[in-house]
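This report refers to the structure that appears directly beneath it.
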Amino acid sequence: MERPVRPELVCPAGTPAALKSAVDAGADCVYVGFRDETNARNFPGLNFSRKELEDGIAYAHGKGAKVLVAINTFPRAGAPELWHRAVDDAARLRADAVILADIGLIAYAAGTHPDLRLHLSVQAAASNPGSIRFYAERFGVRRVVLPRVLTVQEIAAVNAEISPIETEVFVFGGLCVMAEGRCALSSYATGQSPNMNGVCSPASHVRYEEQAGGITSQLAGFTINKFGQGEPAGYPTLCKGRFVANGKTSYLFEEPTSLNTLAMLPDLVKAGVTAFKIEGRQRGRAYVAAVVQAFRTGLDAVMEGRAVPDIDLDRITEGGRQTTGAYERTWR
Amino acid sequence: MTVQAKLTLGPVLFNWRPEDLRDFYFRIADEADVDTVCVGEVVCSKRTPFFAPFLPDVVERLAGAGKEVVLSSLALIMTGREAAQARELAATEGVLVEANDVSVASLLAGRPFVAGPLLNVYNEGTLIYLEGMGAIRSCLPAELSADVISRLAAAARGDIEIQAFGRLPLAISARCYHARSRNLAKDGCQYVCAEDPDGMAVDTLDDEPFLAVNGTQTMSYHYLDLLAELDGLQARGVRRFRLWPQHVDMVAVAALFRSVLAGRSDAADAAGRLSGLCPGAEFANGYVHGREGRLLVEDDL
């Protein structure tokens, strides 16, 4: 596959219906996962069976779109077969690429399926040219999803050093504030983590408690936030809670907020980014359709040299709040 | 009877005054019963220049005292300056380097190195790949269970090291939470992380101790204590245990771990004394028991 001449819009699909919505709304690529712990959105009721993937790939290919399969948790010692089988099946069903994070699994994929296109998952947190070249030179990885730790300037510097390896960045959706794949906060509290189980702050450990004056949201018994009467109670994602440190109560790590870089697309294209990724395999069809349409419009505008239109995505962002995250230096 | 496991003193993760850090290492060199001492800034590259002038003396003193010295790398390398620091570290001759980022492991390929605890070694495939590159020792991530540890130990050609004491490094970020807690940006952080030599406690809104912040790093509030698990882990093939330095009498902490490893002390008795050495600290050991990391599990391994 040659380097794409125009940037690709990479869109999430947690269900076959969302895959169709994304393709119909203008996605160049759709990324999906199998219905098990091999992917980092291992949520109940989500993801694809082998048959659904086969049908989804047929639908996407029929409309000129690609399907990427995320197998981006870290295989459990003693049980790598589940992850190997996921890679084998993605290759057999002619997925356009697999998105992997674990060195051992990447070595397996490169050795077993030399023609399978490999992308490096954000969960590998390859944040510098040396790490990126490691995966490219040793395993033939073609594209790296950059961790959400770099500024636009740093991304441009990375791209200048690693060409022709492609980079993909997140442009919209949920936001990790920790370097992805390098965070065990969830397992510290709940016993389940993104790296091992494909979940963070899992719903099974969430409780909302009515108290005088409002609602308390808890994760594994820890109070993550409190909301006043009439205030909407947000989901208790561990790093988006309010905590007390040094005598001060604050959103110490991050506010409940969503990444939105629509206005920044021209800068990211100029920085040499090849693919633009929307987070949200756990989100419904309406979300997927709205966000994909907005970014399709934005990306087309950039490529045609027009200004990016201002599209209101407030109603689908977390807490109605938006950030450009680590892409701007002041975020740090 | 298997060979007694060795003790590694991990790198100091906190921002201690350079002179205090030097004196800490001098005392470790002279008095601490540990086999290996890791030195180097892991958390924030902004701290690195301050200790650099003291580093050669510290390495010399430790080596002179018969300790194996390991130079630990940064965990999160983002800028050209940080990458250059890593290249310089990897080019150091005559000393073992610990890679805490894949780029550093890549630079060290072809010579012996240590795979650090902040690399993601979760399974045999990755372990064996890194050993093929030259890893002679792998300190495993914090969140692994004893079952996973024993599988990795069985697959390893080199030594498996397990974190056994201190606040657990749980996450690393580009953002500095110490600076953020004082309404400062990372660029103008005023090095406020130095005010908390054991990290800044993070409580829930219900005043429950939960986490600790060390600059860009988030740690457990609880101190890991695997004194009671040392035997069980040794029986599963673990060859080394890592003690993370806290602002306590680490010479005495190391002596406690040594005495349990050597069978001179009872683990329960030692745990009581450890508590005395770390006033106010709470302890946890959940991960090796396959549970939430924050829990203190009393079952045998």
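Residue names in the structure tokens use chain letters A, B, ... in the order shown, residue numbers from 1 in each chain, and ligand numbers from 1 in the order shown.
Omitting Gly280 of chain A and its sequence neighbours fewer than 3 positions away, and counting only C-alpha atoms, the residues within 7 Å are Pro12, Gly173 and Arg283 of chain A.
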Store the residues picked out above in a file with C-alpha atoms, as an mmCIF file, in the first residue's frame.
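Dumped everything to selection-v6.cif:
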```cif
data_model
loop_
_atom_site.group_PDB
_atom_site.id
_atom_site.type_symbol
_atom_site.label_atom_id
_atom_site.label_comp_id
_atom_site.auth_asym_id
_atom_site.auth_seq_id
_atom_site.Cartn_x
_atom_site.Cartn_y
_atom_site.Cartn_z
ATOM 1 C CA PRO A 12 -14.545 4.114 15.399
ATOM 2 C CA GLY A 173 -13.286 12.173 21.717
ATOM 3 C CA ARG A 283 -20.368 5.414 21.308
#
```
Kindly provide the residues of chain A that approach chain B to within 6 Å, each paired with its closest atom pair and their distance in Å to one decimal, based on only C-alpha atoms, listed by chain and increasing number, as CSV.
```
residue,atom,partner,partner_atom,distance
A:Arg76,CA,B:Asn123,CA,5.9
A:Ala77,CA,B:Asn123,CA,4.2
A:Ile103,CA,B:Thr126,CA,5.2
A:Gly104,CA,B:Thr126,CA,4.0
A:Ser127,CA,B:Met78,CA,5.5
A:Asn128,CA,B:Met78,CA,5.5
A:Gly130,CA,B:Ser103,CA,4.7
A:Ser131,CA,B:Ser103,CA,4.1
A:Val149,CA,B:Ala174,CA,5.2
A:Met178,CA,B:Ser173,CA,4.4
A:Ala179,CA,B:Ser173,CA,5.1
A:Arg182,CA,B:Ala171,CA,5.7
A:Cys183,CA,B:Ala171,CA,4.2
A:Ala184,CA,B:Leu170,CA,5.0
A:Leu185,CA,B:Leu170,CA,5.9
A:Ser187,CA,B:Glu292,CA,5.8
A:Tyr188,CA,B:Gly293,CA,4.1
A:Ala189,CA,B:Glu292,CA,5.8
A:Thr190,CA,B:Glu292,CA,5.4
A:Gly191,CA,B:Glu292,CA,3.9
A:Thr223,CA,B:Thr204,CA,5.8
A:Phe243,CA,B:Thr204,CA,4.9
A:Val244,CA,B:Asp203,CA,5.0
A:Ala245,CA,B:Val202,CA,4.9
A:Arg332,CA,B:Arg175,CA,3.9
```
Phe34 of chain A environment, 9 Å, only C-alpha atoms, sequence neighbours closer than 4 positions dropped, as a PyMOL selection string: chain A and resi 38-39+42+46-50+53+69-71+86
Long-range neighbours of Pro129 of chain A as JSON, numbers by chain, 8 Å cut-off, only C-alpha atoms, 5 positions minimum in chain: {"A": [158, 161, 162], "B": [103]}
Selected residue of minimal separation from Ile28 of chain B among B:Leu108, B:Ala284, B:Ala255, B:Cys189, counting only C-alpha atoms: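 That would be B:Ala255, the residue with the smallest distance to Ile28 of chain B.
Of note, atom CA of Glu279 of chain A and atom CA of Thr216 of chain A are spaced 27.1 Å apart.
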Those of segment 117-296 of chain B in DSSP alpha helix (DSSP H), formatted as a ChimeraX atom specification: /B:124-133,146-155,177-181,230-235,250-261,267-277
In segment 33-280 of chain B, DSSP strand (DSSP E) residues written as a PyMOL selection string: chain B and resi 36-39+68-72+96-99+113-115+135-139+159-172+200-203+209-214+217-225+240-243
Selection: 9 Å around Val23 of chain A, only C-alpha atoms, excl. self and same-chain fewer than 6 positions, as a ChimeraX atom specification: /A:11,29-30,59-60,63-65,289,292
